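Colleague: Dropping in protein_23.txt, which is compact mmCIF, C-alpha atoms:
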# COMPACT_ATOMS: atom_id res chain seq x y z
CA MET B 295 0.00 0.00 0.00
CA SER B 296 1.22 3.50 -0.79
CA ILE B 297 0.02 6.76 0.69
CA SER B 298 0.17 10.32 -0.55
CA PRO B 299 3.77 11.56 -0.72
CA VAL B 300 2.57 14.86 0.72
CA LEU B 301 1.24 13.09 3.81
CA ALA B 302 4.32 10.90 4.05
CA GLY B 303 6.58 13.93 3.87
CA LEU B 304 4.82 15.98 6.54
CA ALA B 305 6.29 16.26 9.98
CA THR B 306 3.96 15.37 12.83
CA TYR B 307 1.37 18.11 13.29
CA PRO B 308 3.00 20.29 15.96
CA PHE B 309 0.25 20.11 18.53
CA VAL B 310 0.17 16.32 18.36
CA ARG B 311 3.61 16.54 19.96
CA LEU B 312 2.07 18.46 22.85
CA ASP B 313 -0.58 15.74 23.22
CA GLU B 314 2.20 13.16 23.50
CA ALA B 315 3.97 15.27 26.15
CA ARG B 316 0.74 15.67 28.13
CA ALA B 317 0.22 11.91 28.21
CA ARG B 318 3.81 11.32 29.34
CA LEU B 319 3.63 13.90 32.13
CA ARG B 320 0.25 12.67 33.39
CA THR B 321 1.65 9.15 33.60
CA ALA B 322 4.52 10.56 35.66
CA GLY B 323 2.03 12.22 38.02
CA VAL B 324 2.86 15.81 37.04
CA GLU B 325 0.05 18.33 37.52
CA LEU B 326 -0.52 20.14 34.23
CA LEU B 327 -1.20 23.84 33.82
CA ASP B 328 -2.04 23.88 30.15
CA PHE B 329 -1.51 27.02 28.03
CA GLY B 330 -0.40 25.12 24.94
CA THR B 331 -3.43 24.87 22.67
CA GLY B 332 -5.61 27.82 21.73
CA GLU B 333 -8.89 26.11 22.59
CA PRO B 334 -11.33 28.27 24.58
CA ARG B 335 -12.47 26.75 27.85
CA GLU B 336 -15.13 29.29 28.71
CA GLU B 337 -18.71 28.10 29.01
CA THR B 338 -20.80 28.50 25.88
CA PRO B 339 -23.52 31.02 26.87
CA GLU B 340 -26.81 29.47 27.93
CA PHE B 341 -28.91 31.26 25.32
CA ILE B 342 -26.79 29.72 22.55
CA ARG B 343 -27.11 26.25 24.04
CA ARG B 344 -30.85 26.76 24.31
CA ALA B 345 -31.06 27.73 20.64
CA LEU B 346 -29.28 24.49 19.78
CA VAL B 347 -31.67 22.38 21.85
CA ASP B 348 -34.70 24.15 20.41
CA ALA B 349 -33.44 23.35 16.90
CA VAL B 350 -33.54 19.59 17.46
CA THR B 351 -36.50 18.29 15.42
CA PRO B 352 -38.00 14.83 14.89
CA MET B 353 -36.85 14.73 11.28
CA SER B 354 -33.23 15.41 10.36
CA THR B 355 -32.43 16.17 6.72
CA TYR B 356 -29.13 16.83 5.00
CA PRO B 357 -28.05 20.45 5.43
CA SER B 358 -27.62 22.70 2.41
CA ALA B 359 -24.04 23.49 1.44
CA ALA B 360 -25.12 27.12 0.93
CA GLY B 361 -26.29 27.41 4.53
CA LEU B 362 -29.55 28.68 5.99
CA PRO B 363 -30.68 32.04 4.56
CA GLU B 364 -31.38 33.23 8.11
CA LEU B 365 -27.79 32.51 9.16
CA ARG B 366 -26.33 34.23 6.11
CA GLU B 367 -28.45 37.27 6.95
CA ALA B 368 -27.36 37.22 10.61
CA ILE B 369 -23.69 37.08 9.58
CA ALA B 370 -24.09 39.89 7.04
CA SER B 371 -25.82 42.01 9.69
CA TRP B 372 -22.98 41.35 12.14
CA ILE B 373 -20.38 42.35 9.53
CA SER B 374 -22.28 45.59 8.97
CA ARG B 375 -22.54 46.40 12.70
CA ARG B 376 -18.97 45.44 13.53
CA PHE B 377 -17.03 46.70 10.52
CA GLY B 378 -19.40 49.06 8.73
CA ALA B 379 -19.03 46.91 5.61
CA VAL B 380 -22.06 46.08 3.48
CA VAL B 381 -22.01 42.43 2.40
CA ASP B 382 -24.90 40.82 0.57
CA PRO B 383 -26.08 37.70 2.48
CA GLY B 384 -25.68 35.82 -0.80
CA HIS B 385 -21.95 36.51 -0.60
CA VAL B 386 -21.62 34.63 2.72
CA ILE B 387 -21.16 30.87 3.20
CA PRO B 388 -21.52 29.28 6.65
CA THR B 389 -18.71 26.81 7.23
CA LEU B 390 -17.96 23.85 9.47
CA GLY B 391 -15.69 25.98 11.62
CA SER B 392 -13.10 28.00 9.73
CA LYS B 393 -10.33 25.36 9.64
CA GLU B 394 -11.95 23.21 6.94
CA ALA B 395 -12.64 26.24 4.77
CA ILE B 396 -9.09 27.51 5.21
CA TYR B 397 -7.64 24.09 4.38
CA GLY B 398 -9.79 23.62 1.26
CA LEU B 399 -9.42 27.03 -0.36
CA ALA B 400 -6.23 26.20 -2.28
CA ASN B 401 -8.06 23.34 -4.02
CA VAL B 402 -10.40 25.83 -5.69
CA LEU B 403 -7.70 28.09 -7.13
CA ASP B 404 -5.26 27.98 -10.03
CA GLY B 405 -1.71 29.24 -9.66
CA ASP B 406 1.76 28.01 -8.81
CA PHE B 407 2.25 28.96 -5.17
CA VAL B 408 0.58 29.99 -1.95
CA ALA B 409 2.20 32.76 0.10
CA VAL B 410 2.09 32.00 3.82
CA PRO B 411 3.26 34.23 6.68
CA THR B 412 5.82 32.82 9.10
CA PRO B 413 5.13 32.37 12.00
CA SER B 414 1.57 31.29 11.31
CA TYR B 415 -1.20 28.75 11.72
CA PRO B 416 0.10 25.46 10.21
CA VAL B 417 -3.10 24.77 8.21
CA TYR B 418 -2.34 27.42 5.56
CA GLU B 419 0.78 25.53 4.52
CA ARG B 420 -0.72 22.07 4.78
CA GLY B 421 -3.79 22.95 2.75
CA ALA B 422 -1.55 24.35 0.03
CA LEU B 423 0.66 21.25 -0.07
CA PHE B 424 -2.25 18.84 -0.33
CA ALA B 425 -3.63 20.99 -3.16
CA GLY B 426 -0.33 20.52 -5.05
CA LYS B 427 0.82 24.10 -4.60
CA ARG B 428 4.27 25.34 -3.73
CA VAL B 429 4.52 27.24 -0.43
CA VAL B 430 6.40 30.54 -0.25
CA GLU B 431 7.06 31.82 3.25
CA LEU B 432 6.69 35.51 4.09
CA PRO B 433 8.67 36.23 7.27
CA LEU B 434 6.94 38.29 9.96
CA ARG B 435 9.36 40.36 11.98
CA GLU B 436 8.88 42.18 15.24
CA GLU B 437 10.57 45.33 13.95
CA ASN B 438 7.92 45.55 11.20
CA GLY B 439 5.01 45.11 13.59
CA TRP B 440 4.67 41.45 12.52
CA LEU B 441 3.45 42.51 9.06
CA PRO B 442 4.88 40.76 5.97
CA ASP B 443 6.91 42.54 3.31
CA LEU B 444 4.86 42.06 0.13
CA SER B 445 7.55 43.26 -2.26
CA GLY B 446 9.89 41.13 -4.34
CA LEU B 447 7.71 38.12 -5.23
CA ASP B 448 6.55 37.05 -8.67
CA TRP B 449 2.92 37.65 -7.78
CA ASP B 450 1.75 36.72 -11.30
CA ARG B 451 2.39 33.07 -10.35
CA CYS B 452 0.61 33.32 -6.99
CA ALA B 453 -2.70 31.54 -6.33
CA LEU B 454 -3.32 32.73 -2.80
CA LEU B 455 -1.92 35.04 -0.13
CA TRP B 456 -2.86 34.28 3.47
CA LEU B 457 -3.07 37.01 6.08
CA ASN B 458 -4.06 36.43 9.70
CA TYR B 459 -4.84 39.39 11.96
CA PRO B 460 -5.20 39.51 14.88
CA ASN B 461 -2.28 37.21 14.38
CA ASN B 462 -1.80 33.73 15.76
CA PRO B 463 0.69 33.43 17.44
CA THR B 464 1.86 37.05 17.91
CA GLY B 465 -1.37 38.87 18.76
CA ALA B 466 -0.45 41.67 16.32
CA THR B 467 -3.09 43.54 14.30
CA ALA B 468 -3.01 45.02 10.78
CA PRO B 469 -4.24 48.51 9.83
CA LEU B 470 -6.86 48.97 7.13
CA GLU B 471 -4.21 50.66 4.94
CA PHE B 472 -2.26 47.41 4.87
CA TYR B 473 -5.34 45.47 3.74
CA GLU B 474 -5.99 48.06 1.03
CA GLY B 475 -2.46 47.67 -0.30
CA ALA B 476 -2.65 43.87 -0.25
CA ALA B 477 -6.06 43.92 -1.96
CA GLU B 478 -4.77 46.22 -4.71
CA LEU B 479 -1.83 43.85 -5.24
CA ALA B 480 -4.25 40.90 -5.48
CA ARG B 481 -6.37 42.66 -8.11
CA ARG B 482 -3.34 43.74 -10.15
CA HIS B 483 -1.83 40.23 -10.26
CA ASP B 484 -5.10 38.27 -10.09
CA PHE B 485 -4.45 36.18 -7.00
CA VAL B 486 -6.71 35.74 -3.96
CA LEU B 487 -6.17 37.62 -0.72
CA ALA B 488 -7.55 35.43 2.08
CA SER B 489 -7.82 36.96 5.55
CA ASP B 490 -8.20 34.66 8.55
CA GLU B 491 -9.87 36.82 11.22
CA ALA B 492 -10.68 34.20 13.85
CA TYR B 493 -9.50 36.44 16.72
CA SER B 494 -11.10 39.69 15.54
CA GLU B 495 -13.26 40.00 18.67
CA ILE B 496 -10.56 39.31 21.27
CA TYR B 497 -8.76 42.63 21.58
CA PHE B 498 -7.55 44.98 24.32
CA GLY B 499 -6.86 48.17 22.37
CA GLU B 500 -8.61 49.51 19.28
CA PRO B 501 -11.02 47.07 17.57
CA PRO B 502 -9.10 45.35 14.74
CA ALA B 503 -9.92 46.04 11.10
CA SER B 504 -11.19 43.48 8.59
CA ALA B 505 -10.26 42.81 4.98
CA LEU B 506 -13.98 43.17 4.27
CA GLN B 507 -13.58 46.91 4.85
CA VAL B 508 -11.46 47.48 1.73
CA ALA B 509 -12.99 49.71 -0.92
CA ASP B 510 -12.91 46.99 -3.60
CA ARG B 511 -13.40 43.39 -2.46
CA THR B 512 -12.52 41.85 -5.84
CA ASN B 513 -10.30 38.79 -5.15
CA VAL B 514 -10.77 39.20 -1.37
CA LEU B 515 -12.17 36.66 1.11
CA ALA B 516 -12.45 36.87 4.89
CA PHE B 517 -12.88 33.93 7.27
CA ASN B 518 -14.25 34.08 10.80
CA THR B 519 -15.53 31.71 13.47
CA LEU B 520 -17.63 31.54 16.62
CA SER B 521 -15.04 29.42 18.41
CA LYS B 522 -13.29 32.37 20.04
CA ARG B 523 -15.81 35.23 20.25
CA SER B 524 -18.63 33.02 21.56
CA SER B 525 -16.66 30.19 23.24
CA MET B 526 -18.05 27.60 20.79
CA PRO B 527 -15.04 25.55 19.56
CA GLY B 528 -16.93 22.26 19.69
CA TYR B 529 -19.81 23.61 17.61
CA ARG B 530 -17.55 24.01 14.54
CA SER B 531 -19.29 27.09 13.14
CA GLY B 532 -17.76 29.84 11.03
CA PHE B 533 -18.12 31.63 7.73
CA VAL B 534 -16.36 32.85 4.62
CA ALA B 535 -17.47 36.07 2.91
CA GLY B 536 -16.27 38.40 0.18
CA ASP B 537 -15.88 38.53 -3.59
CA PRO B 538 -19.10 37.19 -5.20
CA ALA B 539 -17.16 35.33 -7.91
CA LEU B 540 -15.05 33.50 -5.33
CA ILE B 541 -18.10 32.72 -3.21
CA ALA B 542 -19.75 31.25 -6.32
CA ALA B 543 -16.69 29.04 -6.91
CA LEU B 544 -16.80 27.83 -3.31
CA ARG B 545 -20.52 27.07 -3.66
CA ARG B 546 -19.62 24.77 -6.58
CA TYR B 547 -16.76 23.12 -4.69
CA ARG B 548 -18.20 22.55 -1.23
CA PRO B 549 -20.99 20.04 -2.05
CA ASN B 550 -18.25 17.72 -3.33
CA VAL B 551 -16.52 17.47 0.05
CA GLY B 552 -19.45 17.26 2.48
CA VAL B 553 -18.67 20.15 4.81
CA ALA B 554 -22.12 21.72 5.27
CA PRO B 555 -22.80 22.61 8.94
CA GLN B 556 -25.69 20.80 10.61
CA GLU B 557 -28.89 22.84 10.74
CA LEU B 558 -29.14 22.74 14.54
CA ILE B 559 -25.61 24.21 14.74
CA GLN B 560 -26.61 26.90 12.26
CA ARG B 561 -29.62 27.80 14.43
CA ALA B 562 -27.33 28.21 17.44
CA ALA B 563 -24.99 30.31 15.29
CA ILE B 564 -27.82 32.70 14.40
CA ALA B 565 -28.30 33.39 18.11
CA ALA B 566 -24.55 33.87 18.64
CA TRP B 567 -23.96 36.30 15.75
CA SER B 568 -27.03 38.31 16.81
CA ASP B 569 -25.76 39.16 20.30
CA GLU B 570 -22.79 41.27 21.42
CA ALA B 571 -23.26 41.39 25.19
CA HIS B 572 -21.77 37.94 25.73
CA VAL B 573 -18.77 38.82 23.53
CA GLY B 574 -17.91 41.79 25.74
CA GLU B 575 -18.05 39.53 28.79
CA VAL B 576 -15.73 37.00 27.14
CA ARG B 577 -13.30 39.76 26.19
CA GLU B 578 -13.17 41.08 29.76
CA ARG B 579 -12.42 37.63 31.18
CA TYR B 580 -9.47 37.32 28.81
CA ARG B 581 -8.37 40.85 29.71
CA ALA B 582 -8.23 39.90 33.40
CA LYS B 583 -6.09 36.84 32.65
CA ARG B 584 -3.83 38.81 30.32
CA ASP B 585 -3.30 41.57 32.88
CA ALA B 586 -2.52 39.06 35.62
CA MET B 587 0.14 37.32 33.53
CA LEU B 588 1.77 40.48 32.23
CA GLU B 589 1.93 42.03 35.69
CA ALA B 590 3.38 38.91 37.31
CA LEU B 591 5.95 37.85 34.72
CA PRO B 592 9.43 39.30 34.09
CA LEU B 593 9.30 38.24 30.42
CA ARG B 594 8.90 40.64 27.51
CA ASN B 595 5.70 40.34 25.53
CA ALA B 596 6.96 40.74 21.96
CA GLY B 597 3.51 40.62 20.38
CA GLY B 598 0.48 42.83 20.01
CA ASP B 599 -2.58 43.62 22.09
CA ALA B 600 -5.17 41.30 20.52
CA SER B 601 -6.12 37.60 20.54
CA PHE B 602 -5.91 35.49 23.71
CA PHE B 603 -2.23 34.74 23.11
CA LEU B 604 0.88 36.18 24.70
CA TRP B 605 4.01 35.96 22.54
CA PHE B 606 7.01 35.98 24.84
CA GLU B 607 10.70 35.98 24.16
CA GLY B 608 12.11 32.59 25.10
CA ASP B 609 13.76 29.75 23.23
CA ASP B 610 12.63 26.15 22.85
CA ALA B 611 14.85 25.09 25.75
CA PHE B 612 12.97 27.44 28.06
CA ALA B 613 9.64 26.12 26.78
CA GLU B 614 10.88 22.59 27.48
CA ARG B 615 11.82 23.54 31.06
CA LEU B 616 8.35 24.92 31.57
CA LEU B 617 6.88 21.72 30.15
CA GLU B 618 8.81 19.53 32.57
CA SER B 619 7.50 21.76 35.39
CA GLY B 620 3.94 21.11 34.23
CA VAL B 621 3.37 24.45 32.48
CA ILE B 622 2.55 23.68 28.86
CA VAL B 623 3.25 26.38 26.27
CA ALA B 624 3.75 26.23 22.50
CA PRO B 625 7.37 26.75 21.39
CA GLY B 626 7.88 29.32 18.65
CA SER B 627 9.41 26.61 16.47
CA PHE B 628 5.90 25.13 16.13
CA PHE B 629 5.10 28.22 14.06
CA GLY B 630 8.44 28.58 12.31
CA SER B 631 9.73 31.27 14.69
CA PRO B 632 12.22 29.97 17.27
CA GLY B 633 13.27 32.38 19.99
CA TYR B 634 9.73 32.95 21.21
CA PHE B 635 6.97 30.93 22.80
CA ARG B 636 3.18 31.27 22.77
CA LEU B 637 1.04 31.20 25.87
CA ALA B 638 -2.71 30.74 25.33
CA LEU B 639 -4.81 32.44 28.01
CA VAL B 640 -7.44 29.71 28.07
CA PRO B 641 -7.21 28.28 31.63
CA PRO B 642 -9.09 29.97 34.51
CA LEU B 643 -7.64 33.10 36.13
CA GLU B 644 -6.46 31.24 39.22
CA THR B 645 -4.49 28.83 37.02
CA CYS B 646 -2.85 31.78 35.26
CA VAL B 647 -1.71 33.16 38.62
CA ARG B 648 -0.29 29.78 39.71
CA ALA B 649 1.50 29.30 36.39
CA ALA B 650 3.03 32.76 36.60
CA SER B 651 4.77 31.74 39.83
CA ILE B 652 6.32 28.66 38.17
CA ILE B 653 7.36 30.62 35.07
CA ARG B 654 9.06 33.24 37.26
CA VAL B 655 11.09 30.54 38.99
CA GLN B 656 12.06 28.90 35.70
CA SER B 657 13.14 32.27 34.31
CA GLY B 658 15.46 32.74 37.30
CA VAL B 659 13.33 35.29 39.14
CA GLN B 660 12.09 34.44 42.63
CA ALA B 661 8.30 34.31 42.78
CA GLY B 662 6.93 37.18 44.88
CA PRO B 663 3.54 38.20 46.20
CA ALA B 664 2.34 39.40 42.77
CA ALA B 665 2.50 35.84 41.50
Now that the file is in, can you turn its structure into structure tokens?

Modeller:
Amino acid sequence: MSISPVLAGLATYPFVRLDEARARLRTAGVELLDFGTGEPREETPEFIRRALVDAVTPMSTYPSAAGLPELREAIASWISRRFGAVVDPGHVIPTLGSKEAIYGLANVLDGDFVAVPTPSYPVYERGALFAGKRVVELPLREENGWLPDLSGLDWDRCALLWLNYPNNPTGATAPLEFYEGAAELARRHDFVLASDEAYSEIYFGEPPASALQVADRTNVLAFNTLSKRSSMPGYRSGFVAGDPALIAALRRYRPNVGVAPQELIQRAAIAAWSDEAHVGEVRERYRAKRDAMLEALPLRNAGGDASFFLWFEGDDAFAERLLESGVIVAPGSFFGSPGYFRLALVPPLETCVRAASIIRVQSGVQAGPAA
């Protein structure tokens, strides 16, 4: 039996390595304080859960790949309220979370390569490779605000440029002027600008911009999800919106791969996108955890002021020391950026305070009362 050479050539998905370390440490009796994976652990609000229960009906039919009209309208209304951008509900597709839509996009597009920021979410690269595309890395550097330099590439051969702001893992944001420049480049060279905006609602300064705000959305798509803003990772509910021609292509592609969200999930999503009060509460809980960690730790936060990640200076050896002490973080090498590590603010506040004490000791600073 032979398997795909792309699959055979891939290194183990980085976070699988963390799973293996968790199992080893639990067997050894080590208490784990887990900041490694960016999976929200907040309760899904009760009104969203109720909407899901109310949507359970005696007869269950296959969901439409285009999504419920009511959900598309709710998403378009949210985009208008949040970003001031007018998007026709017909130019929105509900997705089974955003990961599957991100992974599959390269399959829909022609072109030689996919441009991927580094450090970044591993799925951009892996989706491109399985689609038979070459991957070109665009380094993100702290001195440039973690924005890529878009000069110097043969963009005429590009199929797809991925952007991700607020950025995972750095927490940096991108100004609207940057999106405008990238969108103009995409139109001029006829590639797709895809903006992964999963963390757009977790911010602690100015509300981040969206690629949907550009003056001309030709060749532009934006992806978002309820996993972070509404604490719904297990619901697998997101959307893609933007250029009508690209949305039409995705509508042709998606029925072939069976990724339509279940109707009861879509009904819960309508409730989630239609309410902002719970999002503000979620944001303030993350703010409290962020403030506690930043005040207690002697480490430099090298990232921005959005997402629920802290991006600290620290090499893989330091991340390994933390791991052996029971504090799980994601080394920067997981994202192609050694010399840093990512801490996901997903445990409860009291766990953040306890972990800060251990991290201080491992960094060579005696834990004090603030920890």

Colleague: If you count all atoms listed in the file, which residues fall within 12 Å of Pro642 in chain B, apart from same-chain ones fewer than 4 positions away, as a list in words?

Modeller: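 Near neighbours after the sequence-gap exclusion: Leu327, Asp328, Phe329, Pro334, Arg335, Glu336, Glu337, Arg579, Tyr580, Arg581, Ala582, Lys583, Arg584, Ala586, Met587, Ala638, Cys646, Val647, Arg648 and Ala649 of chain B.
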
Colleague: Pick from B:Ala503, B:Ala516, B:Ala400, B:Leu326: nearest to Arg376 in chain B, with all atoms listed in the file counted?

Modeller: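 Result for the nearest residue to Arg376 in chain B: B:Ala503.
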
Colleague: Taking into account only C-alpha atoms, which residue in the set B:Pro383, B:Gly528, B:Gly598, B:Gly499 is nearest to Thr467 in chain B?

Modeller: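 Closest candidate: B:Gly598.
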
Colleague: Return the padded bounding box of range 308-314 of chain B as AutoDock Vina command-line options: axis-aligned, built from all atoms listed in the file, 4 Å added on each side, with centre and edge lengths in Å to one decimal.

Modeller:
--center_x 1.5 --center_y 16.7 --center_z 19.7 --size_x 12.2 --size_y 15.1 --size_z 15.5

Colleague: Can you list, as a PyMOL selection string, every protein, DNA or RNA residue that comes within 10 Å of range 505-507 of chain B when you count all atoms listed in the file, leaving out same-chain residues fewer than 3 positions away?

Modeller: chain B and resi 373-374+377-381+457+459+468-474+476-477+487-491+510-511+514-517+535-537

Colleague: Please return as a short mmCIF file (atom, residue, chain, number, x, y, z; two decimals) with C-alpha atoms, in the frame of the given file every residue within 7 Å of (-27.4, 32.9, 12.1), taking into account only C-alpha atoms and the file's own coordinates.

Modeller:
data_model
loop_
_atom_site.label_atom_id
_atom_site.label_comp_id
_atom_site.auth_asym_id
_atom_site.auth_seq_id
_atom_site.Cartn_x
_atom_site.Cartn_y
_atom_site.Cartn_z
CA GLU B 364 -31.38 33.23 8.11
CA LEU B 365 -27.79 32.51 9.16
CA ARG B 366 -26.33 34.23 6.11
CA GLU B 367 -28.45 37.27 6.95
CA ALA B 368 -27.36 37.22 10.61
CA ILE B 369 -23.69 37.08 9.58
CA GLN B 560 -26.61 26.90 12.26
CA ARG B 561 -29.62 27.80 14.43
CA ALA B 563 -24.99 30.31 15.29
CA ILE B 564 -27.82 32.70 14.40
CA ALA B 565 -28.30 33.39 18.11
CA TRP B 567 -23.96 36.30 15.75
#

Colleague: Using all atoms listed in the file, determine which residues lie at most 8 Å from Ile396 in chain B, disregarding the query and same-chain residues fewer than 3 positions distant; provide the list as JSON, numbers by chain.

Modeller: {"B": [392, 393, 399, 417, 418, 421, 490, 517]}

Colleague: Write the residues of the preceding selection, restricted to C-alpha atoms, as a PDB file, in the coordinates of the input.

Modeller:
ATOM      1  CA  SER B 392     -13.100  28.000   9.730  1.00  0.00           C
ATOM      2  CA  LYS B 393     -10.330  25.360   9.640  1.00  0.00           C
ATOM      3  CA  LEU B 399      -9.420  27.030  -0.360  1.00  0.00           C
ATOM      4  CA  VAL B 417      -3.100  24.770   8.210  1.00  0.00           C
ATOM      5  CA  TYR B 418      -2.340  27.420   5.560  1.00  0.00           C
ATOM      6  CA  GLY B 421      -3.790  22.950   2.750  1.00  0.00           C
ATOM      7  CA  ASP B 490      -8.200  34.660   8.550  1.00  0.00           C
ATOM      8  CA  PHE B 517     -12.880  33.930   7.270  1.00  0.00           C
TER       9      PHE B 517
END

Colleague: Considering all atoms listed in the file, return as a list in words whatever protein or nucleic-acid residues lie within 6 Å of range 338-354 of chain B, sequence-local ones (same chain, fewer than 2 positions apart) excluded.

Modeller: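 My list of contacting residues is Ser525, Met526, Leu558, Ala562 and Ala565 of chain B.
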
Colleague: Here is a test: counting only C-alpha atoms, which residue of B:Arg523, B:Arg594, B:Arg654, B:Arg481 is nearest to Val621 in chain B?

Modeller: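 Ranking B:Arg523, B:Arg594, B:Arg654, B:Arg481 by distance to Val621 in chain B, first place goes to B:Arg654.
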
Colleague: Between CA of Trp605 in chain B and CA of Asn461 in chain B, measure the distance and give it in Å to one decimal.

Modeller: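 Between CA of Trp605 in chain B and CA of Asn461 in chain B the gap works out to 10.4 Å.
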
Colleague: Find the residues around Ala624 in chain B up to 8 Å (all atoms listed in the file counted), leave out those fewer than 5 positions away in its own chain, and share them as a list in words.

Modeller: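 Counting only the stated atoms, we get Leu312, Phe329, Gly330, Thr331, Ala613, Phe635, Arg636 and Leu637 of chain B.
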